[in-house]
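Coordinates as given in input.tsv (TSV, C-alpha atoms):
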chain	number	residue	atom	x	y	z
L	29	MET	CA	0.00	0.00	0.00
L	30	GLU	CA	2.80	2.38	0.85
L	31	HIS	CA	4.49	1.56	-2.41
L	32	GLY	CA	1.41	2.84	-4.37
L	33	SER	CA	1.22	6.18	-2.55
L	34	VAL	CA	4.93	6.86	-3.09
L	35	GLY	CA	4.46	6.25	-6.81
L	36	ALA	CA	1.57	8.72	-6.94
L	37	GLN	CA	3.70	11.38	-5.26
L	38	GLU	CA	6.48	10.84	-7.72
L	39	ARG	CA	4.07	11.40	-10.61
L	40	GLU	CA	3.05	14.85	-9.26
L	41	ASN	CA	4.71	17.96	-10.67
L	42	PRO	CA	6.64	20.07	-8.19
L	43	ASP	CA	4.98	23.28	-6.92
L	44	PRO	CA	5.71	26.24	-9.19
L	45	THR	CA	8.13	28.88	-7.99
L	46	GLU	CA	8.86	32.39	-9.18
L	47	VAL	CA	12.58	31.76	-9.31
L	48	ASP	CA	12.29	30.08	-12.69
L	49	ARG	CA	9.82	32.67	-14.11
L	50	PRO	CA	10.32	36.16	-12.60
L	51	ILE	CA	8.25	39.16	-13.79
L	52	PRO	CA	9.59	40.16	-17.21
L	53	TRP	CA	11.89	43.19	-17.24
L	54	LEU	CA	9.75	44.82	-19.92
L	55	VAL	CA	6.67	44.79	-17.64
L	56	LEU	CA	8.68	46.08	-14.67
L	57	SER	CA	10.16	48.87	-16.83
L	58	LEU	CA	6.72	49.90	-18.09
L	59	VAL	CA	5.26	50.02	-14.56
L	60	GLY	CA	8.27	52.06	-13.38
L	61	LEU	CA	7.91	54.54	-16.27
L	62	LEU	CA	4.18	55.01	-15.62
L	63	PHE	CA	4.79	55.51	-11.90
L	64	GLY	CA	7.52	58.08	-12.61
L	65	TRP	CA	5.34	59.91	-15.14
L	66	GLY	CA	2.46	60.06	-12.62
L	67	ILE	CA	4.65	61.59	-9.91
L	68	THR	CA	6.16	64.09	-12.37
L	69	TYR	CA	2.70	65.09	-13.60
L	70	ILE	CA	1.43	65.72	-10.07
L	71	LEU	CA	4.52	67.74	-9.12
L	72	MET	CA	4.29	69.92	-12.24
L	73	GLN	CA	0.69	71.00	-11.50
L	74	ASN	CA	0.19	74.42	-9.93
L	75	PRO	CA	-1.80	73.77	-6.74
L	76	LYS	CA	-2.76	77.45	-6.55
L	77	ASP	CA	-4.98	77.19	-9.64
L	78	ASP	CA	-8.70	77.10	-8.90
L	79	PRO	CA	-9.87	73.63	-10.05
L	80	ALA	CA	-13.24	75.12	-11.06
L	81	LEU	CA	-11.46	77.04	-13.81
L	82	GLY	CA	-9.81	74.02	-15.36
L	83	ASP	CA	-11.91	74.30	-18.51
L	84	SER	CA	-10.97	78.00	-18.96
L	85	ARG	CA	-14.38	79.40	-18.01
L	86	THR	CA	-14.39	82.41	-15.71
L	87	LEU	CA	-15.78	82.23	-12.21
L	88	SER	CA	-18.65	84.58	-13.08
L	89	THR	CA	-19.69	82.24	-15.90
L	90	LEU	CA	-19.80	79.28	-13.56
L	91	GLN	CA	-21.87	80.97	-10.86
L	92	ALA	CA	-25.61	80.39	-11.15
L	93	LYS	CA	-27.81	83.40	-11.55
L	94	PRO	CA	-31.25	83.45	-9.94
L	95	ALA	CA	-34.14	82.84	-12.31
L	96	GLY	CA	-35.61	86.10	-13.53
L	97	SER	CA	-32.51	88.14	-12.75
L	98	PRO	CA	-30.57	89.82	-15.56
L	99	GLY	CA	-28.57	87.11	-17.28
L	100	GLY	CA	-30.42	84.37	-15.36
L	101	ALA	CA	-32.06	81.98	-17.79
L	102	VAL	CA	-35.10	79.86	-17.04
L	103	ASP	CA	-35.46	76.67	-19.08
L	104	GLY	CA	-39.07	76.50	-20.24
L	105	ALA	CA	-38.55	73.04	-21.76
L	106	GLN	CA	-37.36	71.70	-18.41
L	107	ILE	CA	-40.37	73.18	-16.61
L	108	TYR	CA	-42.67	71.70	-19.26
L	109	SER	CA	-41.09	68.26	-18.75
L	110	ALA	CA	-41.48	68.50	-14.99
L	111	GLN	CA	-44.95	70.05	-14.77
L	112	CYS	CA	-46.92	69.57	-18.00
L	113	VAL	CA	-45.77	66.52	-19.94
L	114	ALA	CA	-47.79	63.99	-17.91
L	115	CYS	CA	-51.05	65.45	-19.21
L	116	HIS	CA	-50.19	67.28	-22.44
L	117	GLN	CA	-47.56	64.71	-23.51
L	118	ALA	CA	-44.06	65.28	-24.90
L	119	THR	CA	-45.51	66.10	-28.31
L	120	GLY	CA	-48.03	68.64	-26.98
L	121	ALA	CA	-50.83	66.55	-28.51
L	122	GLY	CA	-52.53	65.81	-25.19
L	123	LEU	CA	-54.77	62.75	-24.82
L	124	PRO	CA	-57.94	62.74	-26.96
L	125	GLY	CA	-61.03	63.28	-24.86
L	126	VAL	CA	-59.01	63.59	-21.65
L	127	PHE	CA	-56.31	66.28	-21.84
L	128	PRO	CA	-56.48	69.01	-24.51
L	129	PRO	CA	-53.70	69.49	-27.05
L	130	LEU	CA	-51.35	72.44	-26.87
L	131	ALA	CA	-50.31	72.00	-30.49
L	132	GLY	CA	-52.40	74.46	-32.50
L	133	SER	CA	-54.55	75.37	-29.49
L	134	GLU	CA	-56.34	78.69	-29.84
L	135	TRP	CA	-55.75	79.28	-26.11
L	136	VAL	CA	-51.99	78.83	-26.52
L	137	MET	CA	-51.72	80.85	-29.72
L	138	GLY	CA	-54.12	83.58	-28.62
L	139	SER	CA	-53.77	86.39	-26.09
L	140	ASP	CA	-50.65	86.22	-23.96
L	141	LYS	CA	-52.66	87.57	-21.02
L	142	VAL	CA	-55.21	84.74	-21.30
L	143	ALA	CA	-52.45	82.14	-21.54
L	144	ALA	CA	-50.81	83.60	-18.42
L	145	ALA	CA	-54.15	83.67	-16.59
L	146	ILE	CA	-54.75	79.99	-17.42
L	147	LEU	CA	-51.41	78.92	-15.95
L	148	LEU	CA	-51.79	81.14	-12.91
L	149	HIS	CA	-55.24	79.92	-11.86
L	150	GLY	CA	-55.90	76.68	-13.74
L	151	ILE	CA	-59.15	75.56	-15.38
L	152	THR	CA	-62.07	73.40	-14.36
L	153	GLY	CA	-65.14	72.39	-16.34
L	154	LYS	CA	-65.91	72.28	-20.06
L	155	LEU	CA	-63.22	73.65	-22.36
L	156	THR	CA	-63.29	73.66	-26.16
L	157	VAL	CA	-59.94	73.26	-27.92
L	158	LYS	CA	-59.65	72.92	-31.72
L	159	GLY	CA	-63.35	71.97	-31.91
L	160	GLY	CA	-62.99	69.19	-29.34
L	161	SER	CA	-64.63	69.29	-25.93
L	162	TYR	CA	-62.72	68.51	-22.73
L	163	ASN	CA	-64.15	68.37	-19.25
L	164	GLY	CA	-61.38	68.09	-16.70
L	165	GLN	CA	-59.27	70.11	-14.38
L	166	MET	CA	-55.94	71.84	-14.86
L	167	PRO	CA	-54.04	72.81	-11.69
L	168	ALA	CA	-53.10	76.37	-10.83
L	169	PHE	CA	-49.40	77.24	-10.89
L	170	LYS	CA	-49.52	80.68	-9.23
L	171	ASP	CA	-48.11	79.30	-5.96
L	172	LYS	CA	-45.77	76.79	-7.61
L	173	LEU	CA	-44.00	78.83	-10.32
L	174	ASN	CA	-42.76	82.42	-10.31
L	175	ASP	CA	-43.40	84.93	-13.10
L	176	ALA	CA	-40.18	84.13	-14.98
L	177	GLU	CA	-40.89	80.38	-14.86
L	178	ILE	CA	-44.48	80.78	-16.09
L	179	ALA	CA	-43.29	83.10	-18.88
L	180	ALA	CA	-40.58	80.59	-19.85
L	181	VAL	CA	-42.90	77.59	-20.04
L	182	LEU	CA	-45.52	79.60	-21.98
L	183	SER	CA	-42.84	80.81	-24.39
L	184	HIS	CA	-41.68	77.22	-24.84
L	185	ILE	CA	-45.21	75.99	-25.57
L	186	ARG	CA	-45.93	78.88	-27.95
L	187	SER	CA	-42.79	78.17	-30.01
L	188	ASN	CA	-42.96	74.34	-30.11
L	189	PHE	CA	-45.34	71.59	-31.23
L	190	GLY	CA	-45.88	73.43	-34.53
L	191	ASN	CA	-46.90	76.64	-32.73
L	192	ALA	CA	-45.41	79.95	-33.78
L	193	ALA	CA	-46.56	82.66	-31.37
L	194	PRO	CA	-44.41	85.40	-29.80
L	195	LYS	CA	-42.63	84.77	-26.51
L	196	ILE	CA	-44.23	85.98	-23.30
L	197	ALA	CA	-42.24	88.30	-21.02
L	198	PRO	CA	-42.25	87.86	-17.23
L	199	ASP	CA	-43.75	91.37	-16.97
L	200	VAL	CA	-46.93	90.15	-18.70
L	201	VAL	CA	-47.28	87.32	-16.17
L	202	LYS	CA	-46.55	89.69	-13.31
L	203	ALA	CA	-49.24	92.12	-14.51
L	204	GLU	CA	-51.78	89.31	-14.91
L	205	ARG	CA	-50.92	87.92	-11.50
L	206	GLU	CA	-51.53	91.38	-10.01
L	207	ALA	CA	-54.75	91.93	-11.98
L	208	THR	CA	-56.22	88.58	-10.83
L	209	ARG	CA	-54.67	88.39	-7.35
L	210	ASP	CA	-58.09	88.20	-5.63
L	211	ARG	CA	-59.14	85.13	-7.60
L	212	LYS	CA	-59.25	81.97	-5.46
L	213	ASP	CA	-60.88	79.48	-7.85
L	214	PRO	CA	-59.80	78.08	-11.24
L	215	TRP	CA	-61.36	79.51	-14.41
L	216	ALA	CA	-64.69	77.83	-15.22
L	217	GLY	CA	-63.71	76.61	-18.67
L	218	ASP	CA	-65.12	78.30	-21.76
L	219	ASP	CA	-67.57	80.41	-19.74
L	220	ASP	CA	-64.85	82.35	-17.91
L	221	LEU	CA	-62.09	82.28	-20.53
L	222	VAL	CA	-64.24	83.71	-23.34
L	223	LYS	CA	-64.77	86.81	-21.17
L	224	LEU	CA	-61.00	87.28	-20.87
L	225	LYS	CA	-60.35	87.44	-24.61
Represent the supplied structure as structure tokens.
Amino acid sequence: MEHGSVGAQERENPDPTEVDRPIPWLVLSLVGLLFGWGITYILMQNPKDDPALGDSRTLSTLQAKPAGSPGGAVDGAQIYSAQCVACHQATGAGLPGVFPPLAGSEWVMGSDKVAAAILLHGITGKLTVKGGSYNGQMPAFKDKLNDAEIAAVLSHIRSNFGNAAPKIAPDVVKAEREATRDRKDPWAGDDDLVKLK
């Protein structure tokens, strides 16, 4: 029995060692060069440079400006995506019989004051858009969006989805907000909005 186990051990290969196969000099040289280059690169950098200016923009360019301030831009498309797209869809086509389209809507393309009033106070009840009748509710945004944001989203809607109406300035929204500040309820669909035209 012992004779068989000794024979099996003799048939086994010896354990590998690194002595016969050390890491190639080429690999060691490459690792050394990369390590040296990395240290040189770090040492050559000027630590006094402001890292925010690494792409050559000035600090004033990088600082955010408040929405509505001079030079402060409000992204109407972003507001539309966040607030309106669930009902009016990404195409502005709405959902037939449920949510009215913004594309080609007489309310969108019409008076800028009426459009601002709709966003400020919302709508409830029967509304006719492009000959179709809708009976739902649109929320008011007067407490959710400021004048610049409402103007930006209206301007976005009026210049997209095949619409081609002039942009709306924040001053128009501000004036409409002031003119209708006592209003607590949404507009009662066609009945109220026709009087605003």
List the neighbours of stretch 193-195 of chain L out to 8 Å using only C-alpha atoms; skip same-chain residues closer than 4 positions along the sequence, and give me the result as a ChimeraX atom specification.
-> /L:137,179,182-184,186-187
Tell me, in Å to one decimal, how far atom CA of L:Pro198 is from atom CA of L:Asp175.
->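 Between atom CA of L:Pro198 and atom CA of L:Asp175 the gap is 5.2 Å.
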Report the closest atom pair, with its distance in Å rounded to one decimal, for each residue of stretch 155-211 of chain L that has an atom no farther than 7 Å from stretch 98-112 of chain L; count all atoms listed in the file, sort by chain and then rising residue number, and write it as a tab-separated table.
residue	atom	partner	partner_atom	distance
L:Ala176	CA	L:Val102	CA	6.9
L:Glu177	CA	L:Val102	CA	6.2
L:Ala180	CA	L:Gly104	CA	4.4
L:Val181	CA	L:Gly104	CA	4.0
L:His184	CA	L:Gly104	CA	5.3
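Reported to one decimal place, the separation of atom CA of L:Ser139 from atom CA of L:Gly160 is 19.8 Å.
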In terms of the shortest atom-to-atom distance over all atoms listed in the file, which of L:Ala168, L:Ala118, L:Leu54, L:Leu61 is closest to L:Leu148?
->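 Ranked by minimum distance to L:Leu148, first place goes to L:Ala168.
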Taking (-61.7, 82.8, -18.8) in the file's coordinates as the center, which residues reach within 10 Å of it, counting only C-alpha atoms, put as a list of chain:residue names?
-> L:Val142, L:Ala143, L:Ala145, L:Ile146, L:His149, L:Gly150, L:Ile151, L:Leu155, L:Pro214, L:Trp215, L:Ala216, L:Gly217, L:Asp218, L:Asp219, L:Asp220, L:Leu221, L:Val222, L:Lys223, L:Leu224, L:Lys225
Distance atom CA of L:Tyr69-atom CA of L:Trp53, one decimal place?
->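 Spanning atom CA of L:Tyr69 to atom CA of L:Trp53 is a straight-line distance of 24.0 Å.
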Out of L:Lys202, L:Arg39, L:Lys212, L:Lys158, which residue has the shortest atom-to-atom distance to L:Lys141 when counting all atoms listed in the file?
->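 Distance minimum relative to L:Lys141 lands on L:Lys202.
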